[in-house]
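*Asks:* Provided below: structure27.txt, containing compact mmCIF, C-alpha atoms.
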# COMPACT_ATOMS: atom_id res chain seq x y z
CA MET A 1 -7.15 -53.90 86.34
CA SER A 2 -9.90 -51.49 87.05
CA SER A 3 -12.36 -50.23 84.42
CA ASP A 4 -14.29 -47.00 84.28
CA ARG A 5 -16.94 -48.55 81.99
CA ARG A 6 -20.44 -47.85 83.20
CA PRO A 7 -23.13 -50.54 83.13
CA GLY A 8 -25.46 -50.01 80.19
CA PRO A 9 -27.83 -51.87 77.96
CA GLU A 10 -24.94 -53.76 76.42
CA SER A 11 -23.44 -54.73 79.79
CA PRO A 12 -24.25 -58.12 81.38
CA ASP A 13 -23.95 -56.47 84.83
CA ASP A 14 -26.97 -54.24 84.17
CA ASP A 15 -29.92 -55.86 85.97
CA SER A 16 -32.24 -53.12 84.84
CA TRP A 17 -31.68 -54.14 81.22
CA ARG A 18 -32.69 -57.73 82.03
CA ARG A 19 -35.72 -56.50 83.98
CA HIS A 20 -36.92 -54.29 81.13
CA THR A 21 -36.48 -57.14 78.68
CA ASP A 22 -38.52 -59.54 80.81
CA GLU A 23 -41.27 -56.96 81.11
CA ALA A 24 -41.33 -56.46 77.36
CA VAL A 25 -41.64 -60.19 76.81
CA SER A 26 -44.41 -60.53 79.35
CA VAL A 27 -46.35 -57.66 77.80
CA THR A 28 -46.03 -59.25 74.40
CA GLU A 29 -47.25 -62.58 75.68
CA GLU A 30 -50.22 -61.07 77.54
CA THR A 31 -51.36 -58.77 74.73
CA PRO A 32 -54.26 -60.36 72.84
CA PRO A 33 -53.72 -60.77 69.11
CA VAL A 34 -55.20 -58.11 66.87
CA THR A 35 -57.69 -59.57 64.43
CA ALA A 36 -58.52 -57.92 61.11
CA PRO A 37 -62.08 -56.68 60.69
CA PRO A 38 -64.36 -58.61 58.34
CA GLY A 39 -63.71 -57.76 54.70
CA ALA A 40 -60.23 -56.44 55.34
CA GLY A 41 -57.88 -57.05 52.42
CA ARG A 42 -60.74 -56.86 49.93
CA GLN A 43 -61.39 -53.67 48.01
CA ALA A 44 -64.81 -52.25 48.71
CA ALA A 45 -66.99 -51.22 45.79
CA GLY A 46 -66.27 -47.67 44.74
CA ASP A 47 -62.92 -47.48 46.52
CA VAL A 48 -60.09 -46.02 44.50
CA PRO A 49 -57.14 -48.45 44.48
CA ARG A 50 -53.99 -47.08 45.98
CA PRO A 51 -51.03 -47.14 43.60
CA LEU A 52 -48.09 -49.33 44.44
CA MET A 53 -45.02 -47.37 45.35
CA ARG A 54 -41.78 -48.34 43.67
CA TRP A 55 -38.39 -46.93 44.44
CA VAL A 56 -36.77 -45.33 41.43
CA PRO A 57 -33.03 -44.77 41.63
CA PRO A 58 -31.83 -41.26 40.91
CA PRO A 59 -30.60 -40.62 37.38
CA GLU A 60 -26.97 -40.96 36.59
CA PRO A 61 -25.07 -37.69 36.53
CA PRO A 62 -24.86 -36.23 33.03
CA VAL A 63 -21.78 -37.03 31.02
CA GLN A 64 -19.49 -34.07 30.96
CA PRO A 65 -18.38 -32.99 27.49
CA VAL A 66 -14.79 -33.73 26.69
CA ARG A 67 -12.77 -30.82 25.47
CA VAL A 68 -10.93 -31.51 22.27
CA ASP A 69 -7.82 -29.65 21.44
CA ASP A 70 -8.42 -27.53 18.35
CA GLU A 71 -5.11 -28.68 16.96
CA ALA A 72 -6.34 -32.31 16.99
CA VAL A 73 -9.23 -31.51 14.59
CA PRO A 74 -8.12 -31.71 10.95
CA PRO A 75 -8.74 -28.52 9.00
CA PRO A 76 -11.52 -28.58 6.36
CA SER A 77 -10.35 -29.70 2.96
CA GLY A 78 -12.48 -27.13 1.12
CA GLU A 79 -14.48 -29.86 -0.65
CA ALA A 80 -18.18 -30.24 0.21
CA VAL A 81 -19.03 -33.42 2.09
CA PHE A 82 -22.16 -33.87 -0.05
CA ALA A 83 -21.67 -32.24 -3.42
CA PRO A 84 -24.76 -30.86 -5.19
CA PRO A 85 -25.93 -32.63 -8.37
CA PRO A 86 -24.67 -31.37 -11.73
CA GLU A 87 -26.24 -28.34 -13.40
CA TYR A 88 -26.60 -27.63 -17.10
CA ARG A 89 -27.17 -24.32 -18.89
CA ARG A 90 -27.34 -22.29 -15.65
CA PRO A 91 -30.77 -23.07 -14.18
CA HIS A 92 -32.46 -20.55 -11.89
CA PRO A 93 -30.60 -20.52 -8.53
CA LYS A 94 -33.82 -20.72 -6.48
CA GLY A 95 -35.84 -22.89 -8.82
CA GLY A 96 -35.24 -26.11 -6.91
CA VAL A 97 -35.94 -24.73 -3.43
CA ALA A 98 -39.06 -26.18 -1.80
CA ARG A 99 -40.45 -23.00 -0.24
CA ARG A 100 -43.41 -24.59 1.55
CA LEU A 101 -45.36 -27.83 1.69
CA PRO A 102 -48.38 -28.28 -0.59
CA ARG A 103 -51.75 -28.09 1.18
CA LEU A 104 -53.27 -31.47 0.38
CA PRO A 105 -55.59 -33.86 2.24
CA GLU A 106 -53.28 -36.73 1.25
CA ALA A 107 -49.55 -36.23 1.78
CA VAL A 108 -47.33 -36.60 -1.28
CA ALA A 109 -43.61 -36.99 -0.61
CA ASP A 110 -41.19 -34.66 -2.38
CA THR A 111 -38.88 -37.58 -3.23
CA VAL A 112 -39.28 -41.35 -3.34
CA LEU A 113 -36.32 -43.76 -3.61
CA ASP A 114 -36.37 -47.56 -3.88
CA GLY A 115 -34.28 -50.46 -5.09
CA ALA A 116 -33.40 -54.12 -4.71
CA ASP A 117 -30.70 -56.63 -5.63
CA PHE A 118 -31.60 -60.04 -7.04
CA ASP A 119 -29.51 -62.92 -8.33
CA GLY A 120 -27.83 -61.35 -11.35
CA LEU A 121 -30.18 -58.37 -11.50
CA THR A 122 -30.26 -54.98 -9.79
CA VAL A 123 -33.02 -52.37 -9.85
CA ARG A 124 -33.08 -48.73 -8.75
CA ALA A 125 -36.07 -46.38 -8.71
CA ALA A 126 -36.48 -42.68 -7.98
CA SER A 127 -39.25 -40.11 -8.31
CA LEU A 128 -38.35 -36.46 -7.65
CA ARG A 129 -40.48 -33.34 -7.55
CA GLY A 130 -39.35 -30.91 -10.21
CA ASP A 131 -38.07 -27.36 -9.79
CA ASP A 132 -41.32 -25.85 -11.03
CA HIS A 133 -43.54 -27.74 -8.59
CA ARG A 134 -41.20 -27.02 -5.69
CA TYR A 135 -41.16 -23.31 -6.44
CA LEU A 136 -44.95 -23.12 -6.92
CA THR A 137 -45.68 -25.27 -3.83
CA GLU A 138 -47.38 -27.95 -5.92
CA PRO A 139 -47.20 -31.72 -5.33
CA ARG A 140 -45.08 -34.18 -7.23
CA GLN A 141 -47.33 -35.63 -9.94
CA ASP A 142 -45.01 -38.50 -10.94
CA THR A 143 -45.03 -41.99 -9.44
CA ALA A 144 -42.42 -44.77 -9.55
CA ALA A 145 -43.07 -48.18 -7.99
CA LEU A 146 -41.63 -51.72 -7.85
CA TRP A 147 -43.35 -55.03 -7.06
CA PRO A 148 -42.39 -58.72 -7.20
CA LEU A 149 -44.90 -60.95 -8.99
CA THR A 150 -45.42 -64.56 -9.99
CA LEU A 151 -46.85 -64.87 -13.51
CA ASP A 152 -47.68 -68.25 -15.02
CA GLY A 153 -45.34 -69.90 -12.51
CA THR A 154 -42.45 -67.51 -13.21
CA ASP A 155 -41.12 -65.05 -10.64
CA ALA A 156 -40.98 -61.58 -12.13
CA LEU A 157 -40.37 -57.93 -11.31
CA LEU A 158 -42.96 -55.27 -12.18
CA CYS A 159 -41.61 -51.75 -12.71
CA CYS A 160 -44.07 -48.90 -13.13
CA VAL A 161 -43.57 -45.19 -13.86
CA ALA A 162 -46.46 -42.74 -14.32
CA ASP A 163 -46.60 -39.02 -15.06
CA GLY A 164 -49.73 -37.15 -13.99
CA LEU A 165 -50.76 -34.47 -16.46
CA GLY A 166 -49.79 -31.05 -15.16
CA SER A 167 -53.05 -29.46 -16.30
CA GLN A 168 -55.20 -31.70 -14.05
CA PRO A 169 -55.65 -31.02 -10.31
CA ASN A 170 -55.78 -34.66 -9.18
CA SER A 171 -53.20 -36.15 -11.51
CA HIS A 172 -50.88 -36.89 -8.56
CA LEU A 173 -53.60 -39.25 -7.32
CA GLY A 174 -54.11 -40.66 -10.80
CA SER A 175 -50.46 -41.59 -11.34
CA ALA A 176 -50.26 -43.45 -8.02
CA LEU A 177 -53.62 -45.14 -8.65
CA ALA A 178 -52.64 -46.29 -12.15
CA CYS A 179 -49.49 -47.99 -10.83
CA ARG A 180 -51.33 -49.68 -7.97
CA LEU A 181 -54.11 -50.95 -10.24
CA LEU A 182 -51.58 -52.17 -12.79
CA ARG A 183 -49.94 -54.29 -10.10
CA GLU A 184 -53.29 -55.76 -9.01
CA GLU A 185 -54.52 -56.53 -12.51
CA THR A 186 -51.20 -57.87 -13.80
CA GLY A 187 -51.08 -60.29 -10.87
CA ARG A 188 -54.55 -61.59 -11.78
CA GLY A 189 -53.86 -61.92 -15.49
CA ALA A 190 -52.25 -64.69 -17.51
CA GLY A 191 -50.61 -65.19 -20.86
CA LEU A 192 -48.28 -62.20 -20.68
CA TRP A 193 -45.30 -64.23 -21.88
CA ASP A 194 -47.19 -66.00 -24.68
CA ASP A 195 -49.22 -63.09 -26.08
CA PRO A 196 -47.93 -59.81 -24.60
CA ALA A 197 -50.09 -57.51 -26.74
CA ALA A 198 -53.40 -59.19 -25.91
CA ALA A 199 -52.54 -59.58 -22.22
CA ALA A 200 -51.43 -55.95 -21.90
CA GLN A 201 -54.57 -54.70 -23.64
CA ASP A 202 -56.73 -56.71 -21.25
CA VAL A 203 -54.83 -55.52 -18.16
CA LEU A 204 -54.97 -51.85 -19.19
CA GLY A 205 -58.70 -52.14 -19.85
CA ARG A 206 -59.23 -53.23 -16.25
CA VAL A 207 -56.96 -50.43 -15.02
CA VAL A 208 -59.16 -47.91 -16.85
CA SER A 209 -62.28 -49.41 -15.26
CA GLY A 210 -60.71 -49.18 -11.81
CA MET A 211 -59.74 -45.54 -12.29
CA LEU A 212 -63.23 -44.61 -13.49
CA ALA A 213 -64.74 -46.32 -10.45
CA ASP A 214 -62.35 -44.47 -8.14
CA ALA A 215 -63.34 -41.13 -9.69
CA ARG A 216 -67.02 -41.89 -9.07
CA THR A 217 -66.28 -42.82 -5.45
CA ARG A 218 -64.40 -39.57 -4.89
CA GLY A 219 -67.04 -37.54 -6.69
CA ILE A 220 -64.54 -36.01 -9.11
CA GLY A 221 -64.22 -35.97 -12.87
CA ALA A 222 -62.26 -38.88 -14.30
CA GLU A 223 -60.24 -36.49 -16.46
CA THR A 224 -58.76 -34.89 -13.32
CA LEU A 225 -56.88 -38.17 -12.66
CA SER A 226 -55.23 -38.17 -16.11
CA THR A 227 -51.79 -39.76 -16.23
CA THR A 228 -49.38 -41.38 -18.63
CA LEU A 229 -47.93 -44.80 -17.84
CA VAL A 230 -44.93 -46.90 -18.79
CA ALA A 231 -44.22 -50.30 -17.24
CA ALA A 232 -42.08 -53.37 -17.65
CA VAL A 233 -42.31 -56.95 -16.43
CA VAL A 234 -38.91 -58.68 -16.25
CA GLU A 235 -38.50 -62.31 -15.26
CA LEU A 236 -36.29 -63.08 -12.28
CA THR A 237 -34.50 -66.10 -13.70
CA PRO A 238 -30.96 -67.32 -13.01
CA PRO A 239 -28.42 -65.33 -15.03
CA ASP A 240 -27.51 -68.18 -17.38
CA ARG A 241 -29.49 -66.62 -20.23
CA PRO A 242 -30.98 -63.23 -21.14
CA ARG A 243 -34.13 -62.41 -19.23
CA ARG A 244 -37.42 -61.99 -21.03
CA GLY A 245 -39.22 -58.70 -20.55
CA VAL A 246 -42.42 -57.02 -21.70
CA VAL A 247 -42.73 -53.23 -21.86
CA LEU A 248 -45.96 -51.29 -22.33
CA ARG A 249 -46.99 -47.67 -22.28
CA VAL A 250 -49.80 -45.16 -22.68
CA GLY A 251 -48.76 -41.60 -23.45
CA ASP A 252 -45.30 -40.06 -23.77
CA SER A 253 -43.49 -41.72 -20.86
CA THR A 254 -41.02 -44.08 -22.46
CA ALA A 255 -38.43 -46.85 -22.17
CA TYR A 256 -34.86 -47.31 -23.38
CA MET A 257 -32.38 -50.14 -23.51
CA LEU A 258 -28.91 -48.84 -22.62
CA ARG A 259 -26.58 -51.18 -24.48
CA ASP A 260 -22.94 -50.68 -25.47
CA GLY A 261 -23.07 -47.02 -24.45
CA LEU A 262 -26.17 -46.18 -26.53
CA PHE A 263 -29.76 -45.45 -25.48
CA LEU A 264 -31.96 -47.54 -27.79
CA GLU A 265 -35.66 -46.65 -27.78
CA CYS A 266 -38.04 -49.49 -26.99
CA PHE A 267 -40.98 -47.72 -28.68
CA GLU A 268 -41.36 -45.79 -31.90
CA ASP A 269 -41.59 -42.33 -30.38
CA ALA A 270 -44.12 -40.18 -32.24
CA HIS A 271 -43.40 -37.16 -30.01
CA LYS A 272 -40.01 -36.04 -31.27
CA ASP A 273 -41.01 -32.39 -31.18
CA GLU A 274 -41.13 -31.12 -27.60
CA ALA A 275 -43.70 -28.49 -28.60
CA VAL A 276 -46.17 -31.26 -29.39
CA GLN A 277 -45.70 -33.00 -26.04
CA GLY A 278 -48.02 -32.19 -23.16
CA SER A 279 -50.94 -30.81 -25.21
CA GLY A 280 -52.59 -33.81 -26.86
CA THR A 281 -50.83 -36.73 -25.24
CA ASN A 282 -52.70 -39.97 -24.62
CA ALA A 283 -53.48 -40.62 -20.97
CA LEU A 284 -55.40 -42.87 -18.62
CA PRO A 285 -58.28 -43.22 -17.94
CA GLY A 286 -60.25 -41.11 -20.39
CA ASN A 287 -58.02 -41.06 -23.47
CA PRO A 288 -55.81 -44.16 -23.45
CA GLY A 289 -55.50 -44.39 -27.22
CA ALA A 290 -53.49 -47.33 -28.47
CA VAL A 291 -51.53 -49.31 -25.88
CA GLU A 292 -47.98 -49.76 -27.15
CA VAL A 293 -46.41 -53.11 -26.24
CA GLY A 294 -42.95 -54.49 -26.93
CA ALA A 295 -40.82 -57.50 -26.02
CA VAL A 296 -37.22 -57.12 -24.83
CA LEU A 297 -34.32 -59.33 -23.79
CA LEU A 298 -32.19 -58.07 -20.91
CA GLY A 299 -28.67 -59.44 -21.15
CA ASN A 300 -25.57 -59.00 -19.04
CA ASP A 301 -24.45 -55.36 -18.87
CA ASP A 302 -27.75 -54.18 -20.40
CA VAL A 303 -29.78 -51.53 -18.59
CA LEU A 304 -33.53 -51.22 -19.10
CA VAL A 305 -34.60 -47.62 -18.39
CA LEU A 306 -38.20 -46.51 -17.80
CA CYS A 307 -38.77 -42.78 -17.36
CA THR A 308 -41.15 -39.86 -17.58
CA ASP A 309 -40.54 -36.95 -19.92
CA GLY A 310 -38.90 -35.16 -16.99
CA LEU A 311 -35.86 -37.26 -17.91
CA SER A 312 -36.39 -38.05 -21.59
CA ASN A 313 -36.68 -34.35 -22.53
CA PRO A 314 -33.35 -33.28 -20.96
CA MET A 315 -31.76 -36.29 -22.67
CA HIS A 316 -32.00 -34.34 -25.93
CA ASN A 317 -29.01 -32.50 -24.49
CA ASP A 318 -25.92 -34.49 -25.52
CA GLU A 319 -24.08 -33.51 -22.34
CA VAL A 320 -26.87 -34.89 -20.15
CA LYS A 321 -27.08 -38.09 -22.14
CA ALA A 322 -23.32 -38.62 -22.02
CA GLN A 323 -23.30 -38.20 -18.24
CA LEU A 324 -26.09 -40.77 -17.81
CA VAL A 325 -24.20 -43.25 -20.00
CA LYS A 326 -21.09 -42.76 -17.86
CA TRP A 327 -23.01 -43.26 -14.62
CA TRP A 328 -25.10 -46.24 -15.66
CA SER A 329 -23.05 -48.26 -18.14
CA THR A 330 -19.56 -48.07 -16.61
CA GLY A 331 -18.41 -48.96 -13.12
CA PRO A 332 -20.51 -50.38 -10.30
CA VAL A 333 -24.27 -49.98 -10.07
CA PRO A 334 -25.11 -46.85 -8.05
CA GLY A 335 -26.60 -47.25 -4.61
CA ILE A 336 -30.17 -46.18 -3.93
CA LEU A 337 -29.25 -42.76 -2.54
CA GLU A 338 -26.64 -42.22 -5.24
CA PHE A 339 -29.18 -43.04 -7.94
CA GLY A 340 -31.53 -40.40 -6.56
CA TRP A 341 -28.67 -37.90 -6.50
CA GLN A 342 -27.89 -38.66 -10.15
CA LEU A 343 -31.48 -38.00 -11.19
CA ALA A 344 -31.52 -34.72 -9.26
CA PHE A 345 -29.40 -32.88 -11.84
CA ARG A 346 -30.78 -29.47 -12.77
CA ALA A 347 -31.07 -28.08 -16.28
CA LYS A 348 -32.42 -24.78 -17.52
CA SER A 349 -35.94 -25.01 -19.01
CA TYR A 350 -36.42 -28.54 -17.63
CA GLY A 351 -38.24 -28.09 -14.32
CA ASP A 352 -40.74 -30.95 -14.57
CA ASP A 353 -40.96 -33.86 -12.14
CA ARG A 354 -38.37 -36.52 -12.94
CA SER A 355 -38.86 -40.25 -12.40
CA ALA A 356 -36.93 -43.26 -13.63
CA ILE A 357 -36.43 -46.95 -12.97
CA CYS A 358 -33.26 -48.70 -14.13
CA VAL A 359 -32.87 -52.48 -14.26
CA TRP A 360 -29.29 -53.77 -14.64
CA GLY A 361 -28.61 -57.26 -15.97
CA ARG A 362 -25.48 -58.69 -14.33
Let me see the structure of the file written as structure tokens.
*Replies:*
Amino acid sequence: MSSDRRPGPESPDDDSWRRHTDEAVSVTEETPPVTAPPGAGRQAAGDVPRPLMRWVPPPEPPVQPVRVDDEAVPPPSGEAVFAPPPEYRRPHPKGGVARRLPRLPEAVADTVLDGADFDGLTVRAASLRGDDHRYLTEPRQDTAALWPLTLDGTDALLCCVADGLGSQPNSHLGSALACRLLREETGRGAGLWDDPAAAAQDVLGRVVSGMLADARTRGIGAETLSTTLVAAVVELTPPDRPRRGVVLRVGDSTAYMLRDGLFLECFEDAHKDEAVQGSGTNALPGNPGAVEVGAVLLGNDDVLVLCTDGLSNPMHNDEVKAQLVKWWSTGPVPGILEFGWQLAFRAKSYGDDRSAICVWGR
């Protein structure tokens, strides 16, 4: 059988292929090896190193959007996904709108939320800028803060709420500073459970000293930091007995015990008349007045409430108070975001900052 295949490089009958291969081998064998010059492989001084090249695969093609049949999307129910907080007595429709951010060297958040769950005890905290400060582009002057402590060998929870005086330009700094110093000085102190009045007086004295020193460091008047303060220390014990607690305050921020559907005041409130509040109130650091101290027992289903007058003043409205009782004394404890939403209710003539901490015994 004949073949029309021509001899080529792949054909064993091609002598030229063998000859070229032998020549290539002989050239390779006779060629002297190439030696690298001295110093090759080492980077000379001043040379710029060449970057290593790495192959990068091309990006994946973008995912094409999937068309969804309009009939498969359920129609809106007409109910807002996130309902606005309640309103009372028709507040101004634009009063709660934050038009711009305050111009401050130190940022102050519009809203602060916090909370924790312990064995048989739950705490929620919120501090919200009021309608007036939002509308006037002023910072939130309230502060609310939580800290765990160990006092005289007992684990405890420190809750602190402070209300910077609206007439002072640096009171937003003062309220935050008072809470931070209270945490530091309470942690250093002793005897709070045995003699609450003496221990609280000693702690607040050191808080005043710290605030005065801070004012000198900043080069500002101490009165510009003026703030009220209310705080509680609650022991974190197993829930086999009521927990001991100590409450203290300077100024008109206050505390309640919500028990059996009633708000019971923890202090004898001398500021029943709202017209009196805000003008001559006691405040840290310059005019602390008498430190009010009380002892409480937090039992199951009790709620200890600390708050600024941004909440206590609207609570003179029976409708507001009834709603808070419903939220906080019946049903499950609200989540952190839900608690902030509850405090964000709006009421005519009550546009101050609003801060509160609630401690549920369970």
*Asks:* Could you pull out every residue with an atom within 10 Å of (-50.0, -47.8, -8.1), file coordinates, counting only C-alpha atoms, and send them as a PDB file with C-alpha atoms, keeping the file's coordinate frame?
*Replies:*
ATOM      1  CA  THR A 143     -45.030 -41.990  -9.440  1.00  0.00           C
ATOM      2  CA  ALA A 144     -42.420 -44.770  -9.550  1.00  0.00           C
ATOM      3  CA  ALA A 145     -43.070 -48.180  -7.990  1.00  0.00           C
ATOM      4  CA  LEU A 146     -41.630 -51.720  -7.850  1.00  0.00           C
ATOM      5  CA  TRP A 147     -43.350 -55.030  -7.060  1.00  0.00           C
ATOM      6  CA  CYS A 160     -44.070 -48.900 -13.130  1.00  0.00           C
ATOM      7  CA  VAL A 161     -43.570 -45.190 -13.860  1.00  0.00           C
ATOM      8  CA  ALA A 162     -46.460 -42.740 -14.320  1.00  0.00           C
ATOM      9  CA  LEU A 173     -53.600 -39.250  -7.320  1.00  0.00           C
ATOM     10  CA  GLY A 174     -54.110 -40.660 -10.800  1.00  0.00           C
ATOM     11  CA  SER A 175     -50.460 -41.590 -11.340  1.00  0.00           C
ATOM     12  CA  ALA A 176     -50.260 -43.450  -8.020  1.00  0.00           C
ATOM     13  CA  LEU A 177     -53.620 -45.140  -8.650  1.00  0.00           C
ATOM     14  CA  ALA A 178     -52.640 -46.290 -12.150  1.00  0.00           C
ATOM     15  CA  CYS A 179     -49.490 -47.990 -10.830  1.00  0.00           C
ATOM     16  CA  ARG A 180     -51.330 -49.680  -7.970  1.00  0.00           C
ATOM     17  CA  LEU A 181     -54.110 -50.950 -10.240  1.00  0.00           C
ATOM     18  CA  LEU A 182     -51.580 -52.170 -12.790  1.00  0.00           C
ATOM     19  CA  ARG A 183     -49.940 -54.290 -10.100  1.00  0.00           C
ATOM     20  CA  GLU A 184     -53.290 -55.760  -9.010  1.00  0.00           C
TER      21      GLU A 184
END
*Asks:* I need every residue sitting at most 12 Å from the point (-58.6, -53.1, -19.4) (coordinates as in the file, only C-alpha atoms considered), written as a list in words.
*Replies:*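 Those within range, by chain then number, are Ala178, Leu181, Leu182, Glu184, Glu185, Thr186, Gly189, Ala198, Ala199, Ala200, Gln201, Asp202, Val203, Leu204, Gly205, Arg206, Val207, Val208, Ser209, Gly210, Met211, Leu212, Leu284, Pro285, Pro288, Ala290 and Val291 of chain A.
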*Asks:* From the list A:Gly187, A:Thr122, A:Gly221, A:Val230, which residue is nearest Pro169 in chain A when using all atoms listed in the file?
*Replies:*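 Among the listed residues, A:Gly221 lies closest to Pro169 in chain A.
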*Asks:* Between CA of Thr237 in chain A and CA of Ala116 in chain A, measure the distance and give it in Å to one decimal.
*Replies:* 15.0 Å
*Asks:* What gap, in Å, lies between CA of Asp195 in chain A and CA of Pro242 in chain A?
*Replies:*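 Pair CA of Asp195 in chain A / CA of Pro242 in chain A returns 18.9 Å.
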*Asks:* Emit as AutoDock Vina command-line options the padded axis-aligned box for all listed atoms of range 130-135 of chain A, 3 Å per side, with centre and edge lengths in Å to one decimal.
*Replies:*
--center_x -40.8 --center_y -27.1 --center_z -8.4 --size_x 11.5 --size_y 13.6 --size_z 11.3
*Asks:* Between A:Pro85, A:Pro91, A:Pro238, A:Gly310, single out the one closest to Asp142 in chain A, counting only C-alpha atoms.
*Replies:*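 Looking only at the distances to Asp142 in chain A, the closest residue turns out to be A:Gly310.
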*Asks:* With all atoms listed in the file as the atoms that count, which of A:Gly120, A:Gly351, A:Pro196, A:Gly164 lies nearest to Val247 in chain A?
*Replies:* A:Pro196
*Asks:* Do you have the CA of Ala215 in chain A-CA of Val250 in chain A distance handy?
*Replies:*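 Interatomic distance, CA of Ala215 in chain A to CA of Val250 in chain A: 19.2 Å.
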*Asks:* Given the choices A:Gly280, A:Gly115, A:Pro314, A:Gly261, which gets closest to Thr330 in chain A if the distance is worked out from only C-alpha atoms?
*Replies:*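 The closest residue to Thr330 in chain A is A:Gly261.
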*Asks:* If you count only C-alpha atoms, which residues fall within 9 Å of Asn282 in chain A, apart from same-chain ones fewer than 3 positions away, as a ChimeraX atom specification?
*Replies:* /A:227-228,250-252,286-290
*Asks:* Restricting the output to C-alpha atoms, write the selected residues as a PDB file, in the frame of the given file.
*Replies:*
ATOM      1  CA  THR A 227     -51.790 -39.760 -16.230  1.00  0.00           C
ATOM      2  CA  THR A 228     -49.380 -41.380 -18.630  1.00  0.00           C
ATOM      3  CA  VAL A 250     -49.800 -45.160 -22.680  1.00  0.00           C
ATOM      4  CA  GLY A 251     -48.760 -41.600 -23.450  1.00  0.00           C
ATOM      5  CA  ASP A 252     -45.300 -40.060 -23.770  1.00  0.00           C
ATOM      6  CA  GLY A 286     -60.250 -41.110 -20.390  1.00  0.00           C
ATOM      7  CA  ASN A 287     -58.020 -41.060 -23.470  1.00  0.00           C
ATOM      8  CA  PRO A 288     -55.810 -44.160 -23.450  1.00  0.00           C
ATOM      9  CA  GLY A 289     -55.500 -44.390 -27.220  1.00  0.00           C
ATOM     10  CA  ALA A 290     -53.490 -47.330 -28.470  1.00  0.00           C
TER      11      ALA A 290
END
*Asks:* Excluding Leu324 in chain A and its own-chain neighbours fewer than 6 positions away, which residues fall within 9 Å of it when counting all atoms listed in the file? Please give them as a ChimeraX atom specification.
*Replies:* /A:315,342-343
*Asks:* Please produce a file of the residues just selected, as a compact mmCIF listing (two decimals), keeping the file's coordinate frame, where the atoms kept are C-alpha atoms.
*Replies:*
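Just written: selection-v5.txt:
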# COMPACT_ATOMS: atom_id res chain seq x y z
CA MET A 315 -31.76 -36.29 -22.67
CA GLN A 342 -27.89 -38.66 -10.15
CA LEU A 343 -31.48 -38.00 -11.19
*Asks:* So which one's closest to Ile357 in chain A, A:Cys307, A:Leu158, A:Val296, A:Leu113? Using all atoms listed in the file, please.
*Replies:*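 Checking each candidate against Ile357 in chain A, we get A:Cys307 as the closest.
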*Asks:* Which polymer residues have any atom within 12 Å of an atom of Asp119 in chain A, counting all atoms listed in the file, with same-chain residues fewer than 2 positions away left out, as a ChimeraX atom specification?
*Replies:* /A:116-117,121-123,235-240,243,360-362
*Asks:* Restricting the calculation to all atoms listed in the file, which member of A:Arg124, A:Val97, A:Leu306, A:Pro57 is positioned closest to Glu338 in chain A?
*Replies:*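 Among the listed residues, the smallest separation from Glu338 in chain A belongs to A:Arg124.
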*Asks:* Using only C-alpha atoms, determine which residues lie at most 9 Å from Pro139 in chain A, disregarding the query and same-chain residues fewer than 2 positions distant; provide the list as a list of chain:residue names.
*Replies:*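 Contacts, with the query itself left out: A:Leu101, A:Pro102, A:Arg103, A:Leu104, A:Ala107, A:Val108, A:Ala109, A:Asp110, A:Arg129, A:His133, A:Arg134, A:Thr137, A:Gln141, A:His172.
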